[in-house]
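Working notes for the structure below.
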Amino acid sequence: MRRSASAAMLRFAAGVLILAATLLQPARAYETVFRNSFDFAPNDRSPLGANLDAVKDDSTSADFVDAMKQSREWITLRQSGGWDTNEEACLDLDAHGYPRTLQPRSDVAGCATAQYDAVATLFLYGSYQGHRPATGSTYVVTWDGDGTISYHYGVRKSAASSAHRDVLEVTTTDNGWAMRFDRINPNDPIRNVHVWMPGYDEHSGPSQLFHPDFLAFIRKYKVLRFMDWMRTNGPDSGGGSTQGDFDARPQLADVRWTTDKGVPLEIMVELANRTDTDPWFNMPHLAGDDYMQRFAQKVRRLLRHDLHVYVEYSNEVWNGGFVQGGWVEQQGTQDFLDAHGNPRGTPFDRRMNWHGQRTAQMCELWKAAWGSDADRVTCVLGAQAANAYSQTQAADCPFSTLQPCSAHGIGAVAIAPYFGGYLGQPSAQATVRSWTLDTLFTEIEQGGQLAGGPPGGALAEARHWLAPQRTAADARGLHLISYEGGQHLVGVFGVENDAAITTLFTAANRDARMGDAVTHNLADWRAKGELFLQFTASGSYGKWGSWGAFEYVDHTSTPKHQALIDFIASHPCWWSGCSH
């Protein structure tokens, strides 16, 4: 039944007032349940979700209207000139990351001779090619405490500024700008700093929270995976998550959410609540039972009751390129011994068995925490798309006392059926670097352009992986979903430094034919799989990959994004229970 307009507006207004009051007290958790006034959300029967790009100061997406939350970590420097004295370890920071003083710490070796006399941060400091996030030039900065703040690199403080409230006119058109603390009163240090983006201030910003441009390009996705927001792979996509103690998790009042800790879970849940999406969380590989249980309890309390949640142990444990995989393998080597005290099976066997065991334990913890709502929790077992054995070893976990691990509430196996990854390998470099876009797309769609390449090309290779995975999942009563997917045109193992290949791959991602390739890839997926998650919703293009469906948030459409939107429109979710 359609809600009356007056009742809907009252509920909307009440939600905004509650949220605004909560955000003005950032140390508290959100208690609000935000509902929109529509019968059916834009993503109601969407079969697609998306991974969100990591929250960084140089991201092409402005995720929050408070730019301070997306600012760069502190930089030490001298007011007289120069840049970055590299003495950040000497900073005396409070529990939320604000400097208590400009005096260096006395308990850190080498800090007695520290040279810095100021500390700075950067905003939107990337190369945006004229596509800087957020239109407009007027920023409003508010803060508490006593100190002196200055602004640099294409920014001017307006005469409209007042005590603890600076109005800034930002004139830089591409690279970002800097804010510097030149004096801090240690008895009343600068804190609670907010940098409101154009169009927002201390009155309108707290209740808005997320930038509307960001909300616009994720509105059709049904699931949002927060792997990068949680820094699951660590600070440099391979260093490993540092999270293990729930009390040390990121907090709402933290100066920024770009650190190794990532984004607070309250923010991730609030985004899900506002966008009618099911959140997908990645539990850190170091997380103990207490962390997982308390995380689950808080999500249950804060998440809208009509939404579901996906939970996965770490990310790509099978992948030797990530620290968490090696750590999991070590645990398996310690725990899985034969009668003679020797490690059982191969190192990879032990890795996947322990991965399955920990996923089962995680699932039991989450299901118990959600009690009568346990059916709203989908526990996900990650596996390698090209290797169904990674699924069967983890799901069956024959080395574990929990065998089969798939029987402990796990609901889905998730893979990443990317296409084209082999084209960025060193073995293909000499050939691919001389290709035109025509040749590249012929290889993607038909194959035959690269000696030793997969029969039928990139799309055929990805399609070939699906049947064994589906067979294994069906045999264990698991849904087959994707945790990531899309094109995988990126140089690796040194090929990323080949400018010709980077130019080719980035151009391909902007080409209309990439939209066709995405459409064909999704059609292949539909024949075997269920929920599919794009990697990523947005992101810059370059030597480290061209992952984003959107490259810049001011784009109204791109070939990749349009292909995803068209697929959503023409293929409502097709599996049982997909709409709730």
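Naming works like this for the structure tokens: A, B, ... for the chains as they're shown, residue 1 at the start of each chain, ligands 1 onward in shown order.
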Shell around Pro189 (chain A) at 12 Å using only C-alpha atoms, local window under 2 positions removed, as a list in words:
Asp92, Leu93, Asp94, Gly97, Tyr98, Pro99, Arg100, Thr101, Leu102, Trp143, Asp144, Gly145, Asp146, Gly147, Thr148, Ile149, Phe181, Asp182, Arg183, Ile184, Asn185, Pro186, Asn187, Arg191, Asn192 and Val193 of chain A
With N, CA and C atoms kept, could you save the residues just selected as a JSON list (two decimals), in the first residue's frame?
```json
[["chain", "number", "residue", "atom", "x", "y", "z"],
["A", 92, "ASP", "N", 52.30, 14.11, 19.15],
["A", 92, "ASP", "CA", 51.58, 13.71, 20.36],
["A", 92, "ASP", "C", 50.09, 13.83, 20.05],
["A", 93, "LEU", "N", 49.45, 12.71, 19.74],
["A", 93, "LEU", "CA", 48.06, 12.69, 19.29],
["A", 93, "LEU", "C", 47.14, 12.18, 20.39],
["A", 94, "ASP", "N", 45.91, 12.70, 20.41],
["A", 94, "ASP", "CA", 44.93, 12.19, 21.36],
["A", 94, "ASP", "C", 44.27, 10.93, 20.80],
["A", 97, "GLY", "N", 43.14, 11.17, 17.22],
["A", 97, "GLY", "CA", 44.09, 11.54, 16.17],
["A", 97, "GLY", "C", 44.39, 13.01, 16.05],
["A", 98, "TYR", "N", 43.90, 13.86, 16.96],
["A", 98, "TYR", "CA", 44.22, 15.29, 16.92],
["A", 98, "TYR", "C", 45.52, 15.56, 17.68],
["A", 99, "PRO", "N", 46.37, 16.46, 17.18],
["A", 99, "PRO", "CA", 47.59, 16.81, 17.91],
["A", 99, "PRO", "C", 47.25, 17.54, 19.21],
["A", 100, "ARG", "N", 47.81, 17.08, 20.31],
["A", 100, "ARG", "CA", 47.61, 17.76, 21.59],
["A", 100, "ARG", "C", 48.46, 19.02, 21.69],
["A", 101, "THR", "N", 49.58, 19.00, 20.98],
["A", 101, "THR", "CA", 50.57, 20.06, 21.06],
["A", 101, "THR", "C", 51.48, 19.96, 19.84],
["A", 102, "LEU", "N", 52.23, 21.01, 19.57],
["A", 102, "LEU", "CA", 53.25, 20.94, 18.53],
["A", 102, "LEU", "C", 54.60, 20.53, 19.09],
["A", 143, "TRP", "N", 35.75, 24.55, 14.18],
["A", 143, "TRP", "CA", 36.56, 23.78, 15.11],
["A", 143, "TRP", "C", 36.37, 24.29, 16.52],
["A", 144, "ASP", "N", 36.82, 23.49, 17.48],
["A", 144, "ASP", "CA", 36.87, 23.88, 18.88],
["A", 144, "ASP", "C", 38.33, 24.02, 19.29],
["A", 145, "GLY", "N", 38.58, 24.68, 20.44],
["A", 145, "GLY", "CA", 39.93, 24.80, 20.98],
["A", 145, "GLY", "C", 40.58, 26.12, 20.64],
["A", 146, "ASP", "N", 41.84, 26.22, 21.04],
["A", 146, "ASP", "CA", 42.61, 27.45, 20.88],
["A", 146, "ASP", "C", 43.87, 27.16, 20.06],
["A", 147, "GLY", "N", 44.03, 27.88, 18.97],
["A", 147, "GLY", "CA", 45.20, 27.69, 18.13],
["A", 147, "GLY", "C", 45.11, 28.58, 16.91],
["A", 148, "THR", "N", 46.08, 28.43, 16.03],
["A", 148, "THR", "CA", 46.13, 29.22, 14.80],
["A", 148, "THR", "C", 46.14, 28.28, 13.61],
["A", 149, "ILE", "N", 45.20, 28.50, 12.68],
["A", 149, "ILE", "CA", 45.08, 27.67, 11.48],
["A", 149, "ILE", "C", 45.31, 28.53, 10.26],
["A", 181, "PHE", "N", 48.12, 23.67, 11.00],
["A", 181, "PHE", "CA", 48.05, 24.14, 12.38],
["A", 181, "PHE", "C", 49.40, 24.76, 12.73],
["A", 182, "ASP", "N", 49.42, 26.08, 12.92],
["A", 182, "ASP", "CA", 50.67, 26.79, 13.22],
["A", 182, "ASP", "C", 50.88, 27.01, 14.72],
["A", 183, "ARG", "N", 49.80, 26.94, 15.48],
["A", 183, "ARG", "CA", 49.90, 27.07, 16.94],
["A", 183, "ARG", "C", 48.80, 26.24, 17.57],
["A", 184, "ILE", "N", 49.15, 25.50, 18.62],
["A", 184, "ILE", "CA", 48.18, 24.71, 19.35],
["A", 184, "ILE", "C", 48.37, 24.96, 20.84],
["A", 185, "ASN", "N", 47.33, 25.37, 21.52],
["A", 185, "ASN", "CA", 47.38, 25.54, 22.97],
["A", 185, "ASN", "C", 47.22, 24.17, 23.61],
["A", 186, "PRO", "N", 48.24, 23.65, 24.26],
["A", 186, "PRO", "CA", 48.14, 22.30, 24.83],
["A", 186, "PRO", "C", 47.09, 22.17, 25.92],
["A", 187, "ASN", "N", 46.69, 23.30, 26.50],
["A", 187, "ASN", "CA", 45.64, 23.26, 27.52],
["A", 187, "ASN", "C", 44.24, 23.29, 26.92],
["A", 191, "ARG", "N", 40.47, 20.87, 18.02],
["A", 191, "ARG", "CA", 39.81, 19.57, 17.92],
["A", 191, "ARG", "C", 38.44, 19.75, 17.28],
["A", 192, "ASN", "N", 37.77, 18.63, 17.05],
["A", 192, "ASN", "CA", 36.43, 18.65, 16.43],
["A", 192, "ASN", "C", 36.42, 19.52, 15.17],
["A", 193, "VAL", "N", 37.40, 19.30, 14.33],
["A", 193, "VAL", "CA", 37.52, 20.07, 13.10],
["A", 193, "VAL", "C", 36.61, 19.48, 12.02]]
```
Could you pull out all residues of region 128-291 of chain A with a DSSP call of strand (DSSP E) and give them as a ChimeraX atom specification?
/A:138-144,147-152,155-157,165-170,177-184,191-196,223-225,278-283
Output N, CA and C atoms for every residue in the selection just made, as a compact mmCIF listing (two decimals), in the first residue's frame.
```
# COMPACT_ATOMS: atom_id res chain seq x y z
N THR A 138 33.39 27.46 -2.26
CA THR A 138 33.33 27.97 -0.89
C THR A 138 33.25 26.82 0.12
N TYR A 139 34.26 26.73 0.96
CA TYR A 139 34.30 25.75 2.03
C TYR A 139 34.14 26.48 3.37
N VAL A 140 33.56 25.79 4.34
CA VAL A 140 33.42 26.34 5.69
C VAL A 140 34.14 25.41 6.66
N VAL A 141 35.05 25.98 7.45
CA VAL A 141 35.82 25.21 8.42
C VAL A 141 35.38 25.63 9.82
N THR A 142 35.00 24.67 10.66
CA THR A 142 34.65 24.94 12.04
C THR A 142 35.49 24.06 12.96
N TRP A 143 35.75 24.55 14.18
CA TRP A 143 36.56 23.78 15.11
C TRP A 143 36.37 24.29 16.52
N ASP A 144 36.82 23.49 17.48
CA ASP A 144 36.87 23.88 18.88
C ASP A 144 38.33 24.02 19.29
N GLY A 147 44.03 27.88 18.97
CA GLY A 147 45.20 27.69 18.13
C GLY A 147 45.11 28.58 16.91
N THR A 148 46.08 28.43 16.03
CA THR A 148 46.13 29.22 14.80
C THR A 148 46.14 28.28 13.61
N ILE A 149 45.20 28.50 12.68
CA ILE A 149 45.08 27.67 11.48
C ILE A 149 45.31 28.53 10.26
N SER A 150 46.11 28.05 9.33
CA SER A 150 46.33 28.76 8.06
C SER A 150 46.03 27.82 6.90
N TYR A 151 45.85 28.41 5.71
CA TYR A 151 45.43 27.64 4.54
C TYR A 151 46.35 27.95 3.37
N HIS A 152 46.61 26.95 2.51
CA HIS A 152 47.64 27.09 1.49
C HIS A 152 47.26 26.38 0.20
N VAL A 155 43.99 28.69 -1.96
CA VAL A 155 42.85 28.91 -1.07
C VAL A 155 43.03 30.23 -0.35
N ARG A 156 41.91 30.96 -0.18
CA ARG A 156 41.95 32.27 0.47
C ARG A 156 40.86 32.33 1.53
N LYS A 157 41.20 32.87 2.71
CA LYS A 157 40.20 33.02 3.78
C LYS A 157 39.38 34.27 3.53
N ARG A 165 35.33 29.76 12.93
CA ARG A 165 34.57 29.50 11.70
C ARG A 165 35.23 30.27 10.55
N ASP A 166 35.95 29.55 9.71
CA ASP A 166 36.60 30.16 8.56
C ASP A 166 35.81 29.84 7.30
N VAL A 167 35.60 30.87 6.49
CA VAL A 167 34.98 30.70 5.18
C VAL A 167 36.08 30.83 4.14
N LEU A 168 36.25 29.78 3.33
CA LEU A 168 37.37 29.70 2.40
C LEU A 168 36.89 29.76 0.95
N GLU A 169 37.65 30.45 0.14
CA GLU A 169 37.44 30.44 -1.29
C GLU A 169 38.59 29.65 -1.93
N VAL A 170 38.27 28.48 -2.45
CA VAL A 170 39.28 27.60 -3.04
C VAL A 170 39.34 27.86 -4.54
N TRP A 177 44.26 21.33 -1.78
CA TRP A 177 44.74 22.43 -0.97
C TRP A 177 45.06 21.91 0.43
N ALA A 178 45.72 22.77 1.22
CA ALA A 178 46.23 22.34 2.52
C ALA A 178 45.69 23.20 3.65
N MET A 179 45.54 22.58 4.82
CA MET A 179 45.24 23.27 6.07
C MET A 179 46.37 22.98 7.04
N ARG A 180 46.85 24.04 7.71
CA ARG A 180 48.03 23.89 8.58
C ARG A 180 47.72 24.43 9.97
N PHE A 181 48.12 23.67 11.00
CA PHE A 181 48.05 24.14 12.38
C PHE A 181 49.40 24.76 12.73
N ASP A 182 49.42 26.08 12.92
CA ASP A 182 50.67 26.79 13.22
C ASP A 182 50.88 27.01 14.72
N ARG A 183 49.80 26.94 15.48
CA ARG A 183 49.90 27.07 16.94
C ARG A 183 48.80 26.24 17.57
N ILE A 184 49.15 25.50 18.62
CA ILE A 184 48.18 24.71 19.35
C ILE A 184 48.37 24.96 20.84
N ARG A 191 40.47 20.87 18.02
CA ARG A 191 39.81 19.57 17.92
C ARG A 191 38.44 19.75 17.28
N ASN A 192 37.77 18.63 17.05
CA ASN A 192 36.43 18.65 16.43
C ASN A 192 36.42 19.52 15.17
N VAL A 193 37.40 19.30 14.33
CA VAL A 193 37.52 20.07 13.10
C VAL A 193 36.61 19.48 12.02
N HIS A 194 35.86 20.36 11.38
CA HIS A 194 35.01 19.95 10.26
C HIS A 194 35.29 20.87 9.08
N VAL A 195 35.40 20.29 7.90
CA VAL A 195 35.64 21.06 6.68
C VAL A 195 34.48 20.77 5.75
N TRP A 196 33.50 21.67 5.79
CA TRP A 196 32.27 21.45 5.04
C TRP A 196 32.46 21.81 3.57
N VAL A 223 23.69 -4.26 -3.07
CA VAL A 223 24.63 -4.62 -2.01
C VAL A 223 25.87 -3.74 -2.14
N LEU A 224 26.38 -3.27 -1.02
CA LEU A 224 27.63 -2.51 -0.98
C LEU A 224 28.65 -3.28 -0.16
N ARG A 225 29.76 -3.62 -0.80
CA ARG A 225 30.83 -4.34 -0.11
C ARG A 225 31.85 -3.32 0.40
N ASP A 278 21.95 -3.78 1.19
CA ASP A 278 22.45 -4.76 2.15
C ASP A 278 23.96 -4.57 2.27
N PRO A 279 24.49 -4.35 3.46
CA PRO A 279 25.94 -4.18 3.62
C PRO A 279 26.66 -5.51 3.59
N TRP A 280 27.89 -5.47 3.11
CA TRP A 280 28.77 -6.66 3.06
C TRP A 280 30.04 -6.28 3.82
N PHE A 281 30.24 -6.94 4.96
CA PHE A 281 31.39 -6.64 5.81
C PHE A 281 32.44 -7.74 5.70
N ASN A 282 33.70 -7.35 5.78
CA ASN A 282 34.83 -8.28 5.77
C ASN A 282 35.48 -8.26 7.14
N MET A 283 35.35 -9.36 7.87
CA MET A 283 35.96 -9.44 9.19
C MET A 283 37.48 -9.52 9.05
```
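Excluding region 123-128 of chain A itself and same-chain residues fewer than 4 positions from it, the residues having an atom within 9 Å of it are A:Lys56, A:Asp57, A:Asp58, A:Ser59, A:Thr60, A:Ala62, A:Ala67, A:Met68, A:Gln70, A:Ser71, A:Arg72, A:Arg132, A:Pro133, A:Thr173, A:Asp174, A:Asn175, A:Gly176, A:Trp177, A:Ala178, A:Met179, A:Ser540, A:Tyr552, counting only C-alpha atoms.
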Could I get the residues of region 508-542 of chain A with an atom no further than 10 Å from an atom of region 492-503 of chain A, each paired with its nearest atom pair and that distance in Å to one decimal, using only C-alpha atoms, sorted by chain and residue number, as CSV?
```
residue,atom,partner,partner_atom,distance
A:Ala508,CA,A:Thr503,CA,8.5
A:Tyr541,CA,A:Thr502,CA,9.1
A:Gly542,CA,A:Thr502,CA,6.5
```
Restricting the output to N, CA, C and O atoms, write the selected residues as a tab-separated table (two decimals), in the first residue's frame.
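Dumped everything to result-v6.tsv:
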```
chain	number	residue	atom	x	y	z
A	508	ALA	N	40.86	1.62	-23.21
A	508	ALA	CA	39.86	0.56	-23.39
A	508	ALA	C	38.72	0.72	-22.39
A	508	ALA	O	37.55	0.47	-22.71
A	541	TYR	N	41.60	6.01	-13.04
A	541	TYR	CA	42.22	5.09	-13.99
A	541	TYR	C	43.71	5.40	-14.07
A	541	TYR	O	44.12	6.57	-14.07
A	542	GLY	N	44.51	4.35	-14.17
A	542	GLY	CA	45.95	4.55	-14.27
A	542	GLY	C	46.71	3.25	-14.22
A	542	GLY	O	46.15	2.17	-14.49
```
Which of region 74-229 of chain A counts as helix (DSSP H, G or I) under DSSP, as number ranges by chain please?
A: 88-90, 111-113, 205-208, 212-218
Keeping only N, CA and C atoms, write the selected residues to a file as a PDB file, in the first residue's frame.
```
ATOM      1  N   GLU A  88      56.401  12.424  11.585  1.00  0.00           N
ATOM      2  CA  GLU A  88      55.047  12.172  12.058  1.00  0.00           C
ATOM      3  C   GLU A  88      55.019  11.276  13.294  1.00  0.00           C
ATOM      4  N   ALA A  89      56.007  10.409  13.445  1.00  0.00           N
ATOM      5  CA  ALA A  89      56.057   9.541  14.626  1.00  0.00           C
ATOM      6  C   ALA A  89      56.242  10.334  15.910  1.00  0.00           C
ATOM      7  N   CYS A  90      56.690  11.585  15.803  1.00  0.00           N
ATOM      8  CA  CYS A  90      56.925  12.420  16.981  1.00  0.00           C
ATOM      9  C   CYS A  90      55.674  13.150  17.447  1.00  0.00           C
ATOM     10  N   CYS A 111      63.144  12.068  18.601  1.00  0.00           N
ATOM     11  CA  CYS A 111      62.225  13.205  18.554  1.00  0.00           C
ATOM     12  C   CYS A 111      62.726  14.421  19.324  1.00  0.00           C
ATOM     13  N   ALA A 112      63.753  14.250  20.141  1.00  0.00           N
ATOM     14  CA  ALA A 112      64.289  15.388  20.892  1.00  0.00           C
ATOM     15  C   ALA A 112      64.855  16.456  19.967  1.00  0.00           C
ATOM     16  N   THR A 113      65.239  16.053  18.775  1.00  0.00           N
ATOM     17  CA  THR A 113      65.811  17.002  17.815  1.00  0.00           C
ATOM     18  C   THR A 113      64.870  17.254  16.632  1.00  0.00           C
ATOM     19  N   GLY A 205      25.366  20.312   7.058  1.00  0.00           N
ATOM     20  CA  GLY A 205      26.285  19.209   6.812  1.00  0.00           C
ATOM     21  C   GLY A 205      26.068  17.972   7.652  1.00  0.00           C
ATOM     22  N   PRO A 206      25.887  18.111   8.983  1.00  0.00           N
ATOM     23  CA  PRO A 206      25.781  16.899   9.815  1.00  0.00           C
ATOM     24  C   PRO A 206      24.663  15.956   9.404  1.00  0.00           C
ATOM     25  N   SER A 207      23.507  16.469   9.059  1.00  0.00           N
ATOM     26  CA  SER A 207      22.405  15.583   8.700  1.00  0.00           C
ATOM     27  C   SER A 207      22.574  14.993   7.300  1.00  0.00           C
ATOM     28  N   GLN A 208      23.265  15.715   6.396  1.00  0.00           N
ATOM     29  CA  GLN A 208      23.490  15.195   5.053  1.00  0.00           C
ATOM     30  C   GLN A 208      24.496  14.056   5.078  1.00  0.00           C
ATOM     31  N   PRO A 212      25.926  14.093  -1.947  1.00  0.00           N
ATOM     32  CA  PRO A 212      24.876  13.639  -2.877  1.00  0.00           C
ATOM     33  C   PRO A 212      25.410  13.085  -4.192  1.00  0.00           C
ATOM     34  N   ASP A 213      26.567  13.570  -4.664  1.00  0.00           N
ATOM     35  CA  ASP A 213      27.145  13.004  -5.892  1.00  0.00           C
ATOM     36  C   ASP A 213      27.536  11.543  -5.671  1.00  0.00           C
ATOM     37  N   PHE A 214      28.046  11.248  -4.504  1.00  0.00           N
ATOM     38  CA  PHE A 214      28.408   9.878  -4.148  1.00  0.00           C
ATOM     39  C   PHE A 214      27.160   9.004  -4.074  1.00  0.00           C
ATOM     40  N   LEU A 215      26.120   9.503  -3.423  1.00  0.00           N
ATOM     41  CA  LEU A 215      24.891   8.729  -3.305  1.00  0.00           C
ATOM     42  C   LEU A 215      24.268   8.451  -4.670  1.00  0.00           C
ATOM     43  N   ALA A 216      24.421   9.399  -5.588  1.00  0.00           N
ATOM     44  CA  ALA A 216      23.777   9.266  -6.891  1.00  0.00           C
ATOM     45  C   ALA A 216      24.311   8.090  -7.684  1.00  0.00           C
ATOM     46  N   PHE A 217      25.624   7.860  -7.643  1.00  0.00           N
ATOM     47  CA  PHE A 217      26.142   6.808  -8.518  1.00  0.00           C
ATOM     48  C   PHE A 217      26.116   5.421  -7.896  1.00  0.00           C
ATOM     49  N   ILE A 218      25.636   5.288  -6.652  1.00  0.00           N
ATOM     50  CA  ILE A 218      25.497   3.953  -6.061  1.00  0.00           C
ATOM     51  C   ILE A 218      24.030   3.571  -5.873  1.00  0.00           C
TER      52      ILE A 218
END
```
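Here CA of Leu531 (chain A) is placed at a distance of 20.1 Å from CA of Thr392 (chain A).
Taking CA of Gly49 (chain A) and CA of Lys222 (chain A) as endpoints, the distance between them is 5.1 Å.
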Rank A:Gly240, A:Gly110, A:Gly447, A:Pro235 by their smallest atom-to-atom distance to Glu461 (chain A), using only C-alpha atoms, and report the top residue only.
A:Gly447
Name all residues at most 12 Å from Asp245 (chain A) (count only C-alpha atoms; drop same-chain ones fewer than 2 positions away) and give them as a PyMOL selection string.
chain A and resi 241-243+247-250+261+283-295
Keeping only N, CA and C atoms, write those residues as a tab-separated table (two decimals), in the first residue's frame.
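Once written, result-v4.tsv looks like this:
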```tsv
chain	number	residue	atom	x	y	z
A	241	SER	N	45.24	-6.12	7.24
A	241	SER	CA	44.50	-5.31	8.19
A	241	SER	C	45.19	-5.31	9.55
A	242	THR	N	45.12	-4.18	10.22
A	242	THR	CA	45.70	-4.07	11.57
A	242	THR	C	44.65	-4.24	12.65
A	243	GLN	N	43.39	-4.44	12.25
A	243	GLN	CA	42.31	-4.53	13.22
A	243	GLN	C	42.24	-5.91	13.86
A	247	ASP	N	37.70	-2.66	20.61
A	247	ASP	CA	37.76	-1.35	21.26
A	247	ASP	C	38.70	-0.39	20.54
A	248	ALA	N	39.56	-0.91	19.67
A	248	ALA	CA	40.49	-0.06	18.92
A	248	ALA	C	40.00	0.21	17.51
A	249	ARG	N	38.74	-0.10	17.24
A	249	ARG	CA	38.17	0.10	15.90
A	249	ARG	C	38.05	1.61	15.63
A	250	PRO	N	37.84	2.00	14.37
A	250	PRO	CA	37.64	3.42	14.06
A	250	PRO	C	36.38	3.96	14.71
A	261	LYS	N	42.88	2.18	10.07
A	261	LYS	CA	41.71	1.65	10.75
A	261	LYS	C	40.51	1.56	9.82
A	283	MET	N	35.35	-9.36	7.87
A	283	MET	CA	35.96	-9.44	9.19
A	283	MET	C	37.48	-9.52	9.05
A	284	PRO	N	38.23	-8.67	9.79
A	284	PRO	CA	39.70	-8.70	9.69
A	284	PRO	C	40.25	-10.07	10.03
A	285	HIS	N	41.33	-10.45	9.36
A	285	HIS	CA	41.88	-11.78	9.60
A	285	HIS	C	42.39	-11.95	11.02
A	286	LEU	N	42.74	-10.84	11.69
A	286	LEU	CA	43.22	-10.91	13.07
A	286	LEU	C	42.10	-10.84	14.10
A	287	ALA	N	40.88	-10.65	13.66
A	287	ALA	CA	39.76	-10.48	14.59
A	287	ALA	C	39.50	-11.75	15.38
A	288	GLY	N	39.41	-11.59	16.70
A	288	GLY	CA	39.06	-12.70	17.56
A	288	GLY	C	37.55	-12.84	17.68
A	289	ASP	N	37.13	-13.82	18.49
A	289	ASP	CA	35.70	-14.06	18.66
A	289	ASP	C	34.99	-12.84	19.25
A	290	ASP	N	35.63	-12.17	20.20
A	290	ASP	CA	35.01	-11.01	20.84
A	290	ASP	C	34.74	-9.91	19.82
A	291	TYR	N	35.71	-9.65	18.95
A	291	TYR	CA	35.55	-8.63	17.91
A	291	TYR	C	34.36	-8.97	17.02
A	292	MET	N	34.33	-10.21	16.55
A	292	MET	CA	33.26	-10.60	15.62
A	292	MET	C	31.90	-10.54	16.28
A	293	GLN	N	31.81	-11.02	17.51
A	293	GLN	CA	30.53	-11.03	18.21
A	293	GLN	C	30.01	-9.62	18.46
A	294	ARG	N	30.88	-8.73	18.92
A	294	ARG	CA	30.44	-7.37	19.22
A	294	ARG	C	30.14	-6.57	17.95
A	295	PHE	N	30.90	-6.83	16.90
A	295	PHE	CA	30.62	-6.20	15.61
A	295	PHE	C	29.23	-6.62	15.14
```
Quick one: residues within 9 Å of Trp74 (chain A), only C-alpha atoms counted, chain neighbours fewer than 4 positions away excluded, as a VMD selection string?
chain A and resid 88 91 119 to 122
Write out the residues from the selection above, keeping all heavy atoms, as a JSON list (two decimals), in the first residue's frame.
```
[["chain", "number", "residue", "atom", "x", "y", "z"],
["A", 88, "GLU", "N", 56.40, 12.42, 11.59],
["A", 88, "GLU", "CA", 55.05, 12.17, 12.06],
["A", 88, "GLU", "C", 55.02, 11.28, 13.29],
["A", 88, "GLU", "O", 54.10, 11.38, 14.12],
["A", 88, "GLU", "CB", 54.22, 11.54, 10.94],
["A", 88, "GLU", "CG", 53.84, 12.50, 9.81],
["A", 88, "GLU", "CD", 55.00, 12.83, 8.87],
["A", 88, "GLU", "OE1", 55.96, 12.04, 8.82],
["A", 88, "GLU", "OE2", 54.94, 13.88, 8.20],
["A", 91, "LEU", "N", 54.61, 13.10, 16.66],
["A", 91, "LEU", "CA", 53.40, 13.85, 17.03],
["A", 91, "LEU", "C", 52.73, 13.24, 18.25],
["A", 91, "LEU", "O", 52.58, 12.01, 18.37],
["A", 91, "LEU", "CB", 52.42, 13.85, 15.85],
["A", 91, "LEU", "CG", 52.82, 14.71, 14.65],
["A", 91, "LEU", "CD1", 51.84, 14.48, 13.51],
["A", 91, "LEU", "CD2", 52.86, 16.19, 15.04],
["A", 119, "VAL", "N", 51.87, 21.39, 11.68],
["A", 119, "VAL", "CA", 51.35, 20.12, 11.17],
["A", 119, "VAL", "C", 50.24, 20.44, 10.19],
["A", 119, "VAL", "O", 49.45, 21.37, 10.39],
["A", 119, "VAL", "CB", 50.86, 19.22, 12.33],
["A", 119, "VAL", "CG1", 49.71, 19.87, 13.08],
["A", 119, "VAL", "CG2", 50.46, 17.85, 11.83],
["A", 120, "ALA", "N", 50.19, 19.68, 9.09],
["A", 120, "ALA", "CA", 49.25, 20.02, 8.02],
["A", 120, "ALA", "C", 48.53, 18.77, 7.52],
["A", 120, "ALA", "O", 48.94, 17.63, 7.79],
["A", 120, "ALA", "CB", 49.98, 20.68, 6.86],
["A", 121, "THR", "N", 47.46, 19.01, 6.77],
["A", 121, "THR", "CA", 46.76, 17.94, 6.07],
["A", 121, "THR", "C", 46.34, 18.45, 4.70],
["A", 121, "THR", "O", 46.34, 19.67, 4.45],
["A", 121, "THR", "CB", 45.52, 17.47, 6.86],
["A", 121, "THR", "OG1", 44.93, 16.34, 6.20],
["A", 121, "THR", "CG2", 44.47, 18.57, 6.98],
["A", 122, "LEU", "N", 46.02, 17.53, 3.80],
["A", 122, "LEU", "CA", 45.67, 17.86, 2.42],
["A", 122, "LEU", "C", 44.25, 17.41, 2.11],
["A", 122, "LEU", "O", 43.77, 16.39, 2.65],
["A", 122, "LEU", "CB", 46.63, 17.19, 1.44],
["A", 122, "LEU", "CG", 48.10, 17.61, 1.53],
["A", 122, "LEU", "CD1", 48.95, 16.69, 0.66],
["A", 122, "LEU", "CD2", 48.27, 19.05, 1.10]]
```
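Minimum distance to Pro455 (chain A) across A:Glu329, A:Glu443, A:Arg105, A:Thr172 (counting only C-alpha atoms) occurs at A:Glu443.
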All residues 12 Å or closer to Ala451 (chain A), only C-alpha atoms, same chain fewer than 5 positions away omitted, as a ChimeraX atom specification:
/A:422-423,427-432,443,457
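Between CA of Trp575 (chain A) and CA of Asp44 (chain A) the interatomic distance comes to 13.7 Å.
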I want to know what sits within 12 Å of Pro454 (chain A), based on only C-alpha atoms, with residues of the same chain fewer than 4 positions away left out; could you give that as a list in words?
Phe419, Gly420, Gly421, Tyr422, Leu423, Glu443, Ile444, Glu445, Gln446, Gly447, Gly448, Gln449, Leu450, Ala458, Leu459, Ala460, Glu461, Ala462, Arg463, His464 and Trp465 of chain A
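Closest approach to Leu271 (chain A) among A:Ala507, A:Arg78, A:Arg304, A:Gly453 is made by A:Arg304 (distances from only C-alpha atoms).
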Top pick for closest residue to Leu365 (chain A), considering A:His408, A:His96, A:His488, A:His131 and counting only C-alpha atoms
A:His408
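The closest residue to Trp547 (chain A), picked from A:Ser390, A:Ser579, A:Thr506, A:Gln425 and counting only C-alpha atoms, is A:Thr506.
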